[in-house]
$ cat run16.cif   # mmCIF, C-alpha atoms
data_input
loop_
_atom_site.label_atom_id
_atom_site.label_comp_id
_atom_site.auth_asym_id
_atom_site.auth_seq_id
_atom_site.Cartn_x
_atom_site.Cartn_y
_atom_site.Cartn_z
CA MET A 472 0.00 0.00 0.00
CA GLU A 473 1.47 3.36 -1.02
CA TYR A 474 0.47 6.38 1.04
CA LYS A 475 1.00 9.95 -0.12
CA ALA A 476 -0.09 11.68 3.08
CA PHE A 477 -0.55 11.40 6.84
CA LEU A 478 -3.23 12.81 9.10
CA ILE A 479 -1.64 13.88 12.39
CA LYS A 480 -3.68 13.80 15.59
CA TYR A 481 -2.87 15.59 18.82
CA ALA A 482 -4.33 15.33 22.32
CA GLU A 483 -3.37 17.95 24.92
CA ILE A 484 -3.10 20.72 22.34
CA GLY A 485 -6.81 20.31 21.68
CA VAL A 486 -7.77 21.60 25.14
CA LYS A 487 -5.83 24.84 24.73
CA GLY A 488 -7.86 28.02 24.34
CA LYS A 489 -7.08 31.08 22.29
CA ASN A 490 -3.36 30.19 22.23
CA ARG A 491 -3.89 26.82 20.59
CA TYR A 492 -2.53 28.11 17.28
CA ARG A 493 0.88 28.65 18.95
CA PHE A 494 1.06 25.00 19.95
CA GLU A 495 -0.09 23.89 16.50
CA ASP A 496 2.53 26.08 14.84
CA ALA A 497 5.24 24.65 17.10
CA LEU A 498 4.09 21.13 16.23
CA VAL A 499 4.24 21.90 12.51
CA GLN A 500 7.75 23.28 12.94
CA GLN A 501 8.91 20.14 14.75
CA MET A 502 7.34 17.91 12.09
CA GLN A 503 9.20 19.83 9.38
CA TYR A 504 12.47 19.33 11.28
CA ALA A 505 11.80 15.60 11.77
CA LEU A 506 10.72 14.91 8.16
CA LYS A 507 13.43 16.97 6.45
CA PRO A 508 15.90 14.03 6.21
CA VAL A 509 13.10 11.76 4.90
CA GLY A 510 11.90 13.83 1.96
CA ASP A 511 9.92 16.85 0.82
CA PHE A 512 6.63 17.14 2.72
CA LYS A 513 4.02 19.88 2.66
CA ILE A 514 2.58 20.31 6.16
CA ARG A 515 -0.65 22.25 6.64
CA LYS A 516 -3.25 22.90 9.33
CA GLU A 517 -6.97 22.63 8.76
CA SER A 518 -9.75 22.85 11.38
CA GLY A 519 -8.07 20.92 14.17
CA ARG A 520 -6.22 18.62 11.80
CA ILE A 521 -2.62 18.62 10.59
CA PHE A 522 -1.75 16.98 7.29
CA ALA A 523 1.69 15.98 6.04
CA GLU A 524 1.60 15.43 2.27
CA ALA A 525 4.56 13.92 0.42
CA GLN A 526 5.73 15.96 -2.57
CA GLU A 527 8.04 13.23 -3.84
CA GLU A 528 8.83 9.56 -3.28
CA TYR A 529 9.90 8.74 0.28
CA ASP A 530 10.59 5.83 2.60
CA TYR A 531 7.38 5.05 4.51
CA ASP A 532 9.10 3.37 7.49
CA GLU A 533 11.53 6.28 7.87
CA ALA A 534 8.67 8.78 7.81
CA ILE A 535 6.77 6.89 10.53
CA ALA A 536 9.92 6.58 12.66
CA ALA A 537 10.56 10.32 12.31
CA LEU A 538 7.00 11.31 13.23
CA ARG A 539 7.02 9.00 16.26
CA CYS A 540 9.82 11.19 17.67
CA VAL A 541 7.77 14.40 17.50
CA PHE A 542 6.34 15.41 20.87
CA GLY A 543 2.75 16.61 20.62
CA ILE A 544 1.64 13.90 18.19
CA SER A 545 -0.81 11.42 19.69
CA GLY A 546 -1.62 9.50 16.49
CA ILE A 547 -0.28 9.10 12.95
CA CYS A 548 -2.84 8.02 10.35
CA PRO A 549 -1.63 7.01 6.87
CA ILE A 550 -4.40 8.28 4.58
CA ILE A 551 -5.78 7.99 1.08
CA VAL A 552 -6.63 11.41 -0.39
CA GLU A 553 -9.31 11.72 -3.08
CA GLU A 554 -10.41 14.98 -4.69
CA ASP A 555 -13.67 13.71 -6.24
CA LYS A 556 -16.25 13.81 -3.41
CA ALA A 557 -19.10 12.16 -5.34
CA PHE A 558 -20.52 9.26 -3.32
CA ASP A 559 -20.05 6.74 -6.12
CA ASN A 560 -16.37 7.67 -6.32
CA ILE A 561 -15.91 7.46 -2.52
CA GLU A 562 -17.49 4.00 -2.58
CA LYS A 563 -15.15 2.81 -5.34
CA VAL A 564 -12.00 4.30 -3.76
CA LEU A 565 -12.86 2.82 -0.35
CA GLY A 566 -13.51 -0.62 -1.81
CA ASP A 567 -10.25 -0.57 -3.77
CA TYR A 568 -8.40 0.62 -0.67
CA MET A 569 -9.76 -2.24 1.47
CA SER A 570 -8.89 -4.77 -1.20
CA GLU A 571 -5.31 -3.53 -1.48
CA ARG A 572 -4.75 -2.79 2.22
CA TYR A 573 -5.90 -6.16 3.63
CA ASP A 574 -5.00 -9.63 2.36
CA ASP A 575 -7.58 -11.22 4.67
CA LEU A 576 -10.89 -9.40 5.12
CA ALA A 577 -12.34 -11.83 7.66
CA PHE A 578 -12.80 -9.24 10.42
CA THR A 579 -15.46 -6.98 11.91
CA PHE A 580 -15.65 -3.34 10.90
CA LYS A 581 -17.46 -0.07 11.37
CA VAL A 582 -17.56 2.97 9.08
CA ASN A 583 -17.23 6.35 10.79
CA VAL A 584 -17.89 9.42 8.63
CA ARG A 585 -17.01 13.00 9.55
CA ARG A 586 -18.59 15.63 7.31
CA ALA A 587 -16.62 18.84 7.83
CA ASP A 588 -17.95 20.11 4.49
CA LYS A 589 -21.52 21.00 5.55
CA SER A 590 -22.50 21.66 1.94
CA TYR A 591 -22.15 17.97 1.17
CA PRO A 592 -25.62 16.73 0.12
CA MET A 593 -25.70 13.67 2.42
CA GLN A 594 -25.63 13.43 6.23
CA SER A 595 -22.72 11.67 7.97
CA MET A 596 -24.82 8.77 9.27
CA GLU A 597 -26.35 8.25 5.84
CA VAL A 598 -22.95 8.12 4.13
CA ALA A 599 -21.62 5.72 6.79
CA ALA A 600 -24.59 3.36 6.44
CA LEU A 601 -24.44 3.31 2.64
CA LEU A 602 -20.66 2.76 2.57
CA GLY A 603 -20.98 -0.09 5.05
CA GLU A 604 -23.70 -1.65 2.90
CA LYS A 605 -21.58 -1.38 -0.25
CA LEU A 606 -18.59 -2.96 1.49
CA LEU A 607 -20.71 -5.91 2.67
CA ASP A 608 -21.98 -6.40 -0.87
CA ARG A 609 -18.45 -6.39 -2.28
CA PHE A 610 -16.67 -8.43 0.40
CA GLU A 611 -18.51 -11.45 1.81
CA GLU A 612 -15.91 -12.00 4.56
CA LEU A 613 -16.62 -8.69 6.28
CA THR A 614 -18.94 -8.42 9.30
CA VAL A 615 -20.36 -5.28 10.87
CA ASP A 616 -19.78 -4.59 14.58
CA VAL A 617 -20.69 -1.02 15.55
CA HIS A 618 -19.65 -1.43 19.20
CA HIS A 619 -16.28 -3.20 19.15
CA PRO A 620 -15.04 -3.38 15.54
CA GLN A 621 -11.66 -4.90 14.79
CA VAL A 622 -11.17 -2.27 12.09
CA LEU A 623 -12.57 1.25 12.29
CA ILE A 624 -12.84 2.80 8.83
CA THR A 625 -12.79 6.59 8.99
CA VAL A 626 -13.91 8.75 6.07
CA GLU A 627 -13.51 12.52 6.45
CA ILE A 628 -15.27 14.72 3.90
CA ARG A 629 -13.54 18.09 3.81
CA ASP A 630 -12.14 20.02 0.86
CA LYS A 631 -11.18 16.53 -0.26
CA VAL A 632 -12.01 13.03 0.96
CA TYR A 633 -9.61 11.41 3.44
CA ILE A 634 -9.78 7.67 4.17
CA TYR A 635 -7.85 5.75 6.81
CA THR A 636 -8.12 2.62 8.98
CA GLU A 637 -4.94 2.79 11.02
CA GLU A 638 -3.72 5.05 13.81
CA ILE A 639 -0.09 4.57 14.81
CA PRO A 640 0.61 5.86 18.35
CA GLY A 641 2.78 8.95 18.65
CA PRO A 642 4.83 9.94 21.70
CA GLY A 643 2.24 12.39 23.06
CA GLY A 644 3.34 15.33 25.18
CA MET A 645 3.69 18.93 24.06
CA PRO A 646 5.62 20.39 21.10
CA ILE A 647 9.20 21.43 21.79
CA GLY A 648 9.57 25.14 22.50
CA THR A 649 6.13 25.73 23.99
CA ASN A 650 7.23 25.55 27.64
CA GLY A 651 10.53 27.37 27.95
CA LYS A 652 14.09 26.08 28.09
CA ALA A 653 16.22 24.12 30.57
CA MET A 654 19.82 22.95 30.95
CA LEU A 655 20.42 19.20 31.28
CA LEU A 656 23.37 17.91 33.29
CA LEU A 657 24.25 15.10 30.89
CA SER A 658 26.58 12.33 32.02
CA GLY A 659 27.43 9.08 30.30
CA GLY A 660 25.02 7.10 32.48
CA ILE A 661 21.53 5.72 31.98
CA ASP A 662 19.52 8.25 33.98
CA SER A 663 20.31 11.72 32.64
CA PRO A 664 19.37 11.05 28.97
CA VAL A 665 16.01 9.71 30.19
CA ALA A 666 15.53 12.82 32.32
CA GLY A 667 16.23 15.05 29.32
CA TYR A 668 13.75 13.12 27.20
CA MET A 669 11.01 13.30 29.83
CA ILE A 670 11.29 17.05 30.39
CA SER A 671 11.46 17.69 26.64
CA LYS A 672 8.23 15.74 26.27
CA ARG A 673 6.53 18.52 28.20
CA GLY A 674 7.53 21.02 25.51
CA VAL A 675 10.77 22.22 27.11
CA ARG A 676 13.68 22.95 24.78
CA ILE A 677 16.98 21.71 26.22
CA ASP A 678 20.69 22.36 26.05
CA ALA A 679 23.17 20.22 27.97
CA VAL A 680 26.37 20.48 29.98
CA TYR A 681 28.92 17.68 30.37
CA PHE A 682 31.78 17.69 32.89
CA HIS A 683 34.93 16.20 31.44
CA ALA A 684 37.91 15.22 33.65
CA PRO A 685 40.98 14.47 31.55
CA PRO A 686 43.18 12.46 31.96
CA TYR A 687 40.89 10.52 34.32
CA THR A 688 38.17 10.36 31.70
CA SER A 689 39.04 9.53 28.11
CA GLU A 690 38.05 11.05 24.78
CA ARG A 691 35.89 7.97 24.31
CA ALA A 692 33.88 8.96 27.39
CA LYS A 693 33.39 12.41 25.90
CA GLN A 694 32.33 10.95 22.55
CA LYS A 695 29.88 8.68 24.36
CA VAL A 696 28.13 11.75 25.79
CA VAL A 697 28.06 13.41 22.36
CA ASP A 698 26.46 10.24 20.99
CA LEU A 699 23.85 10.25 23.76
CA ALA A 700 23.04 13.90 23.01
CA ARG A 701 22.65 13.01 19.33
CA ILE A 702 20.20 10.20 20.15
CA ILE A 703 17.95 12.37 22.33
CA SER A 704 18.14 15.20 19.78
CA ARG A 705 15.89 13.01 17.59
CA TYR A 706 13.16 14.02 20.02
CA THR A 707 14.35 17.40 21.32
CA GLY A 708 15.73 19.02 18.19
CA PRO A 709 19.32 20.39 18.05
CA ILE A 710 21.17 20.51 21.38
CA HIS A 711 24.06 22.79 22.27
CA LEU A 712 26.35 20.62 24.40
CA HIS A 713 28.62 22.60 26.73
CA ILE A 714 31.73 20.56 27.63
CA ILE A 715 33.57 21.76 30.74
CA ASN A 716 37.02 20.70 32.01
CA PHE A 717 36.30 19.84 35.62
CA THR A 718 39.57 18.10 36.58
CA ASP A 719 41.21 20.86 38.61
CA ILE A 720 38.09 21.51 40.69
CA GLN A 721 37.72 17.81 41.41
CA MET A 722 41.36 17.51 42.44
CA ALA A 723 41.09 20.50 44.76
CA ILE A 724 37.99 19.01 46.40
CA TYR A 725 39.76 15.66 46.72
CA GLU A 726 42.82 17.23 48.35
CA LYS A 727 41.14 19.73 50.69
CA CYS A 728 37.71 18.37 51.66
CA PRO A 729 36.59 15.33 53.69
CA HIS A 730 36.43 12.29 51.41
CA ASP A 731 32.99 11.21 52.59
CA GLU A 732 31.66 14.56 51.29
CA LEU A 733 33.41 14.44 47.90
CA THR A 734 30.36 13.63 45.81
CA ILE A 735 28.08 16.20 47.44
CA ILE A 736 30.62 19.03 47.14
CA MET A 737 31.46 18.04 43.56
CA ARG A 738 27.77 18.02 42.63
CA ARG A 739 27.28 21.45 44.19
CA TYR A 740 29.98 22.96 41.99
CA MET A 741 28.55 21.21 38.96
CA MET A 742 25.20 22.81 39.72
CA LYS A 743 26.82 26.25 40.04
CA ILE A 744 28.56 25.89 36.69
CA ALA A 745 25.44 24.49 34.99
CA GLU A 746 23.41 27.40 36.38
CA HIS A 747 25.94 29.87 34.94
CA PHE A 748 25.52 28.49 31.42
CA ALA A 749 21.76 28.09 31.87
CA LYS A 750 21.43 31.80 32.57
CA GLU A 751 23.71 32.64 29.64
CA CYS A 752 21.54 30.73 27.16
CA GLY A 753 18.18 31.80 28.61
CA ALA A 754 17.28 28.53 30.37
CA GLN A 755 14.98 28.80 33.38
CA ALA A 756 15.80 25.50 35.11
CA LEU A 757 18.29 22.65 35.45
CA ILE A 758 17.53 18.98 34.74
CA THR A 759 19.21 16.02 36.45
CA GLY A 760 18.63 12.28 36.38
CA GLU A 761 18.56 11.71 40.12
CA SER A 762 16.20 9.23 41.79
CA ILE A 763 15.55 9.25 45.54
CA GLY A 764 17.74 6.76 47.35
CA GLN A 765 19.39 5.26 44.28
CA VAL A 766 22.88 6.18 45.55
CA ALA A 767 24.28 8.06 48.55
CA SER A 768 24.27 11.42 46.76
CA GLN A 769 20.56 11.04 46.04
CA THR A 770 19.11 10.83 49.53
CA MET A 771 16.68 13.56 50.58
CA GLN A 772 19.38 15.26 52.67
CA SER A 773 21.91 15.07 49.83
CA LEU A 774 19.49 16.53 47.30
CA PHE A 775 18.69 19.38 49.70
CA CYS A 776 22.38 20.22 50.00
CA THR A 777 22.84 20.03 46.23
CA ASP A 778 19.87 22.29 45.48
CA ALA A 779 21.12 24.91 47.94
CA ALA A 780 24.05 25.60 45.58
CA CYS A 781 21.87 27.15 42.89
CA SER A 782 19.04 29.66 42.68
CA ILE A 783 16.97 28.32 39.75
CA PRO A 784 14.60 25.32 39.85
CA VAL A 785 15.97 21.79 39.43
CA PHE A 786 13.75 19.31 37.57
CA ARG A 787 14.20 15.62 38.40
CA PRO A 788 11.68 13.64 36.32
CA CYS A 789 13.20 10.30 37.39
CA ILE A 790 12.84 11.12 41.09
CA GLY A 791 10.12 8.51 41.80
CA MET A 792 11.30 5.83 39.35
CA ASP A 793 13.28 2.75 40.29
CA LYS A 794 16.25 1.61 38.21
CA ASN A 795 14.22 -0.90 36.20
CA ASP A 796 11.76 1.83 35.21
CA ILE A 797 14.61 4.05 34.04
CA VAL A 798 16.30 1.22 32.13
CA ASP A 799 13.01 0.38 30.40
CA MET A 800 12.61 4.00 29.34
CA SER A 801 16.22 4.20 28.11
CA GLU A 802 15.65 1.12 25.96
CA LYS A 803 12.46 2.65 24.57
CA ILE A 804 14.16 5.88 23.51
CA GLY A 805 17.30 4.15 22.23
CA THR A 806 19.95 5.42 24.69
CA TYR A 807 20.53 2.27 26.76
CA GLU A 808 23.13 0.53 24.60
CA THR A 809 25.23 3.69 24.43
CA SER A 810 24.84 4.45 28.15
CA ILE A 811 26.26 1.08 29.21
CA LEU A 812 29.45 1.41 27.16
CA PRO A 813 32.33 1.00 29.68
CA TYR A 814 33.75 4.53 29.57
CA GLU A 815 33.83 6.16 33.02
CA ASP A 816 32.59 9.71 33.61
CA CYS A 817 33.93 12.11 36.23
CA CYS A 818 31.14 11.29 38.69
CA THR A 819 32.22 7.66 38.95
CA ILE A 820 36.00 8.27 39.03
CA PHE A 821 36.03 10.30 42.25
CA VAL A 822 33.65 8.31 44.44
CA ALA A 823 34.31 7.92 48.16
CA LYS A 824 34.36 4.44 49.62
CA HIS A 825 31.98 5.47 52.40
CA PRO A 826 30.06 8.58 51.27
CA VAL A 827 27.92 10.51 53.72
CA THR A 828 24.23 9.71 53.25
CA LYS A 829 22.73 12.37 55.55
CA PRO A 830 24.84 15.47 54.99
CA ARG A 831 24.09 18.73 56.77
CA LEU A 832 24.25 21.90 54.73
CA ASP A 833 26.13 23.86 57.41
CA VAL A 834 28.79 21.12 57.59
CA ILE A 835 29.12 20.97 53.79
CA GLU A 836 29.47 24.75 53.55
CA LYS A 837 32.11 24.67 56.31
CA SER A 838 34.07 22.05 54.34
CA GLU A 839 33.82 24.17 51.19
CA ARG A 840 35.52 27.05 52.97
CA LYS A 841 38.72 25.01 52.80
CA LEU A 842 38.66 25.77 49.07
CA ALA A 843 38.52 29.54 49.63
CA ASP A 844 42.12 30.17 48.57
CA CYS A 845 41.69 28.60 45.13
CA ILE A 846 38.08 28.02 44.15
CA ASP A 847 37.38 31.37 42.48
CA GLU A 848 40.36 30.94 40.16
CA LEU A 849 39.45 27.30 39.48
CA MET A 850 35.83 28.21 38.71
CA GLU A 851 36.95 30.93 36.31
CA ALA A 852 39.29 28.47 34.57
CA ALA A 853 36.50 25.87 34.31
CA LEU A 854 34.08 28.38 32.81
CA SER A 855 36.66 29.57 30.29
CA SER A 856 37.40 25.95 29.26
CA GLU A 857 33.92 25.69 27.74
CA GLU A 858 33.69 23.87 24.41
CA VAL A 859 30.29 24.02 22.68
CA ILE A 860 29.18 21.37 20.21
CA ARG A 861 25.92 21.68 18.29
CA VAL A 862 24.49 18.18 18.23
CA CYS A 863 21.80 17.28 15.71
CA ALA A 864 20.28 13.88 14.90
CA ASP A 865 20.74 14.17 11.13
CA GLU A 866 24.37 15.30 11.26
#
$ encode --input "run16.cif" --output "structure tokens"
Amino acid sequence: MEYKAFLIKYAEIGVKGKNRYRFEDALVQQMQYALKPVGDFKIRKESGRIFAEAQEEYDYDEAIAALRCVFGISGICPIIVEEDKAFDNIEKVLGDYMSERYDDLAFTFKVNVRRADKSYPMQSMEVAALLGEKLLDRFEELTVDVHHPQVLITVEIRDKVYIYTEEIPGPGGMPIGTNGKAMLLLSGGIDSPVAGYMISKRGVRIDAVYFHAPPYTSERAKQKVVDLARIISRYTGPIHLHIINFTDIQMAIYEKCPHDELTIIMRRYMMKIAEHFAKECGAQALITGESIGQVASQTMQSLFCTDAACSIPVFRPCIGMDKNDIVDMSEKIGTYETSILPYEDCCTIFVAKHPVTKPRLDVIEKSERKLADCIDELMEAALSSEEVIRVCADE
């Protein structure tokens, strides 16, 4: 079956009020970005519907895969488009479509007609009943079931006639760019790419910051993070990845601060640096992949101490998920196999044998004062070490 167009359905956008057009426009923009590598598509809005019409030959599977990465889409319907709206022509086109689309027609069906063109001479129920009757006459195997049909045949009569029987699930959520911007602390682990995906699904555009610690972390570890950013950019759109040399700060913390507080103090300085770049690029929040109790630095007390280092909100979408939930999500979005590659990041290199699990903020801040003679210079050096890579799925 060769399809020339897709009908795109959305869910949450439909409940928006006077600003709904902004969400629709953002969705169209994201669809154009996603379909650009697949082929030339004309995307248009019409009365609560969005249509993507192919202007040239394209790969159907690639188009579906691309659209399933666009947040805001709840359903993708491959459609037959017919300009002649005469009933006899609709009947013929529908019959030919069913014959070509299904090898075995031994199933129950229902015809649902939507008549957006109110000048059409027949009522929706009348058209549905007559089309169902014609299909039964043509195909003996078919059986009508108006309550629980195995196949729902939808015919929409608009400026043209649109016919479809399949709705492929989309990712849902809200279109990227409709809910601000945030900065993701992206490591080479399993959790942070999932966190970035989940916040982006709510319409938040993201950039990312990665803390590199040469020579303790290799170029392969850095490339692993770039690869993870490229995978999630399929969903989020282009990501500006800020790579920061964090080695000197880590070494100073290691030499001057209590070892059981290493991870907490290190995380606090990561948050400060991430906040700096978030404010520079207009982001209103930070995103991390932490989950309560997963490791020592993710207890309630530890998270409180970490958050106290920055002044903007910190989003933790994985906070109530267990590891299996996060792994399942990483497999779904395609980051898992890259995340488990054995290249250490700076968070795992400098881990205390017996980290504090219930840190007190006053104690942590007292320990940080031991860095007073060098930390300002080290922070300035870390900020100036910034390398920015624009990561895009199709590059």
$ resolve_selection --input "run16.cif" --expression "the PyMOL selection byres ((chain A and resi 529) around 12)" --output "PDB file with C-alpha atoms, in the frame of the given file"
ATOM      1  CA  GLU A 473       1.470   3.360  -1.020  1.00  0.00           C
ATOM      2  CA  TYR A 474       0.470   6.380   1.040  1.00  0.00           C
ATOM      3  CA  LYS A 475       1.000   9.950  -0.120  1.00  0.00           C
ATOM      4  CA  ALA A 476      -0.090  11.680   3.080  1.00  0.00           C
ATOM      5  CA  LEU A 506      10.720  14.910   8.160  1.00  0.00           C
ATOM      6  CA  LYS A 507      13.430  16.970   6.450  1.00  0.00           C
ATOM      7  CA  PRO A 508      15.900  14.030   6.210  1.00  0.00           C
ATOM      8  CA  VAL A 509      13.100  11.760   4.900  1.00  0.00           C
ATOM      9  CA  GLY A 510      11.900  13.830   1.960  1.00  0.00           C
ATOM     10  CA  ASP A 511       9.920  16.850   0.820  1.00  0.00           C
ATOM     11  CA  PHE A 512       6.630  17.140   2.720  1.00  0.00           C
ATOM     12  CA  GLU A 524       1.600  15.430   2.270  1.00  0.00           C
ATOM     13  CA  ALA A 525       4.560  13.920   0.420  1.00  0.00           C
ATOM     14  CA  GLN A 526       5.730  15.960  -2.570  1.00  0.00           C
ATOM     15  CA  GLU A 527       8.040  13.230  -3.840  1.00  0.00           C
ATOM     16  CA  GLU A 528       8.830   9.560  -3.280  1.00  0.00           C
ATOM     17  CA  ASP A 530      10.590   5.830   2.600  1.00  0.00           C
ATOM     18  CA  TYR A 531       7.380   5.050   4.510  1.00  0.00           C
ATOM     19  CA  ASP A 532       9.100   3.370   7.490  1.00  0.00           C
ATOM     20  CA  GLU A 533      11.530   6.280   7.870  1.00  0.00           C
ATOM     21  CA  ALA A 534       8.670   8.780   7.810  1.00  0.00           C
ATOM     22  CA  ILE A 535       6.770   6.890  10.530  1.00  0.00           C
TER      23      ILE A 535
END
$ residues_around --input "run16.cif" --residues "A:Val622" --least-positions-apart "6" --cutoff "12 Å" --atoms "all atoms listed in the file" --output "PyMOL selection string"
chain A and resi 569+572-573+576-583+613-616+635-638
$ residues_around --input "run16.cif" --residues "A:Val798" --least-positions-apart "3" --cutoff "10 Å" --atoms "only C-alpha atoms" --output "list of chain:residue names"
A:Ile661, A:Asp662, A:Val665, A:Met792, A:Asp793, A:Lys794, A:Asn795, A:Ser801, A:Glu802, A:Lys803, A:Thr806, A:Tyr807, A:Ser810
$ resolve_selection --input "run16.cif" --expression "the PyMOL selection byres ((chain A and resi 717) around 8)" --output "PyMOL selection string"
chain A and resi 682-684+715-716+718-721+853
$ residues_around --input "run16.cif" --residues "A:Met596" --least-positions-apart "3" --cutoff "9 Å" --atoms "all atoms listed in the file" --output "PDB file with C-alpha atoms, keeping the file's coordinate frame"
ATOM      1  CA  ASN A 583     -17.230   6.350  10.790  1.00  0.00           C
ATOM      2  CA  VAL A 584     -17.890   9.420   8.630  1.00  0.00           C
ATOM      3  CA  ARG A 585     -17.010  13.000   9.550  1.00  0.00           C
ATOM      4  CA  MET A 593     -25.700  13.670   2.420  1.00  0.00           C
ATOM      5  CA  ALA A 599     -21.620   5.720   6.790  1.00  0.00           C
ATOM      6  CA  ALA A 600     -24.590   3.360   6.440  1.00  0.00           C
ATOM      7  CA  LEU A 601     -24.440   3.310   2.640  1.00  0.00           C
TER       8      LEU A 601
END
$ resolve_selection --input "run16.cif" --expression "the PyMOL selection byres ((chain A and resi 776-790) around 7)" --output "PDB file with C-alpha atoms, in the frame of the given file"
ATOM      1  CA  ALA A 666      15.530  12.820  32.320  1.00  0.00           C
ATOM      2  CA  MET A 669      11.010  13.300  29.830  1.00  0.00           C
ATOM      3  CA  ILE A 670      11.290  17.050  30.390  1.00  0.00           C
ATOM      4  CA  ILE A 735      28.080  16.200  47.440  1.00  0.00           C
ATOM      5  CA  ARG A 738      27.770  18.020  42.630  1.00  0.00           C
ATOM      6  CA  ARG A 739      27.280  21.450  44.190  1.00  0.00           C
ATOM      7  CA  MET A 742      25.200  22.810  39.720  1.00  0.00           C
ATOM      8  CA  LYS A 743      26.820  26.250  40.040  1.00  0.00           C
ATOM      9  CA  GLU A 746      23.410  27.400  36.380  1.00  0.00           C
ATOM     10  CA  GLN A 755      14.980  28.800  33.380  1.00  0.00           C
ATOM     11  CA  ALA A 756      15.800  25.500  35.110  1.00  0.00           C
ATOM     12  CA  LEU A 757      18.290  22.650  35.450  1.00  0.00           C
ATOM     13  CA  ILE A 758      17.530  18.980  34.740  1.00  0.00           C
ATOM     14  CA  THR A 759      19.210  16.020  36.450  1.00  0.00           C
ATOM     15  CA  GLY A 760      18.630  12.280  36.380  1.00  0.00           C
ATOM     16  CA  GLU A 761      18.560  11.710  40.120  1.00  0.00           C
ATOM     17  CA  SER A 762      16.200   9.230  41.790  1.00  0.00           C
ATOM     18  CA  ILE A 763      15.550   9.250  45.540  1.00  0.00           C
ATOM     19  CA  GLN A 772      19.380  15.260  52.670  1.00  0.00           C
ATOM     20  CA  SER A 773      21.910  15.070  49.830  1.00  0.00           C
ATOM     21  CA  LEU A 774      19.490  16.530  47.300  1.00  0.00           C
ATOM     22  CA  PHE A 775      18.690  19.380  49.700  1.00  0.00           C
ATOM     23  CA  GLY A 791      10.120   8.510  41.800  1.00  0.00           C
ATOM     24  CA  MET A 792      11.300   5.830  39.350  1.00  0.00           C
ATOM     25  CA  LEU A 832      24.250  21.900  54.730  1.00  0.00           C
TER      26      LEU A 832
END
$ atom_distance --input "run16.cif" --atom1 "atom CA of A:Pro646" --atom2 "atom CA of A:Ala587"
25.9 Å
$ residues_near_point --input "run16.cif" --point "(12.3, 15.5, 19.6)" --cutoff "10 Å" --atoms "all atoms listed in the file" --output "ChimeraX atom specification"
/A:501-502,504-505,537-543,642,646-647,668,671-672,674,676,702-709,864
$ residues_around --input "run16.cif" --residues "stretch 727-732 of chain A" --least-positions-apart "5" --cutoff "9 Å" --atoms "all atoms listed in the file" --output "list in words"
Met722, Met737, Val822, Ala823, Lys824, His825, Pro826, Val827, Thr828, Pro830, Ile835, Ser838, Glu839, Lys841 and Leu842 of chain A
$ residues_around --input "run16.cif" --residues "A:Tyr633" --least-positions-apart "6" --cutoff "10 Å" --atoms "all atoms listed in the file" --output "PyMOL selection string"
chain A and resi 476-478+549-554+556+561+565+584-585+625-627
$ atom_distance --input "run16.cif" --atom1 "atom CA of A:Glu690" --atom2 "atom CA of A:Gly659"
12.1 Å
$ axis_aligned_box --input "run16.cif" --around "stretch 734-752 of chain A" --padding-each-side "4 Å" --output "AutoDock Vina command-line options"
--center_x 26.4 --center_y 23.1 --center_z 37.3 --size_x 18.0 --size_y 27.0 --size_z 28.3
$ closest_residue --input "run16.cif" --among "A:Leu623, A:Ala653, A:Ile521, A:Ala679" --to "A:Val859" --atoms "only C-alpha atoms"
A:Ala679
$ closest_residue --input "run16.cif" --among "A:Ile744, A:Leu498, A:Met800, A:Ala767" --to "A:Lys829" --atoms "all atoms listed in the file"
A:Ala767
$ closest_residue --input "run16.cif" --among "A:Pro664, A:Gly648, A:Pro620, A:Gly805" --to "A:Val499" --atoms "all atoms listed in the file"
A:Gly648
$ closest_residue --input "run16.cif" --among "A:Arg701, A:Lys837, A:Lys750, A:Arg520" --to "A:Gly485" --atoms "only C-alpha atoms"
A:Arg520
$ closest_residue --input "run16.cif" --among "A:Ile860, A:Ile811, A:Ile514, A:Met771" --to "A:Ala692" --atoms "all atoms listed in the file"
A:Ile811
$ atom_distance --input "run16.cif" --atom1 "atom CA of A:Glu726" --atom2 "atom CA of A:Asp833"
20.1 Å
$ closest_residue --input "run16.cif" --among "A:Ile624, A:Ala536, A:Ile479, A:Leu656" --to "A:Phe748" --atoms "all atoms listed in the file"
A:Leu656
$ decode --input "run16.cif" --residues "stretch 761-766 of chain A" --atoms "N, CA and C atoms" --output "PDB file, in the first residue's frame"
ATOM      1  N   GLU A 761      18.536  12.326  38.797  1.00  0.00           N
ATOM      2  CA  GLU A 761      18.558  11.708  40.123  1.00  0.00           C
ATOM      3  C   GLU A 761      17.235  11.045  40.493  1.00  0.00           C
ATOM      4  N   SER A 762      17.350   9.971  41.280  1.00  0.00           N
ATOM      5  CA  SER A 762      16.196   9.231  41.792  1.00  0.00           C
ATOM      6  C   SER A 762      16.407   9.025  43.290  1.00  0.00           C
ATOM      7  N   ILE A 763      15.390   9.293  44.075  1.00  0.00           N
ATOM      8  CA  ILE A 763      15.552   9.248  45.535  1.00  0.00           C
ATOM      9  C   ILE A 763      16.087   7.892  45.999  1.00  0.00           C
ATOM     10  N   GLY A 764      17.206   7.945  46.715  1.00  0.00           N
ATOM     11  CA  GLY A 764      17.743   6.760  47.355  1.00  0.00           C
ATOM     12  C   GLY A 764      18.528   5.830  46.464  1.00  0.00           C
ATOM     13  N   GLN A 765      18.693   6.186  45.187  1.00  0.00           N
ATOM     14  CA  GLN A 765      19.390   5.259  44.279  1.00  0.00           C
ATOM     15  C   GLN A 765      20.859   5.096  44.677  1.00  0.00           C
ATOM     16  N   VAL A 766      21.513   6.206  45.021  1.00  0.00           N
ATOM     17  CA  VAL A 766      22.884   6.181  45.548  1.00  0.00           C
ATOM     18  C   VAL A 766      22.965   7.176  46.688  1.00  0.00           C
TER      19      VAL A 766
END
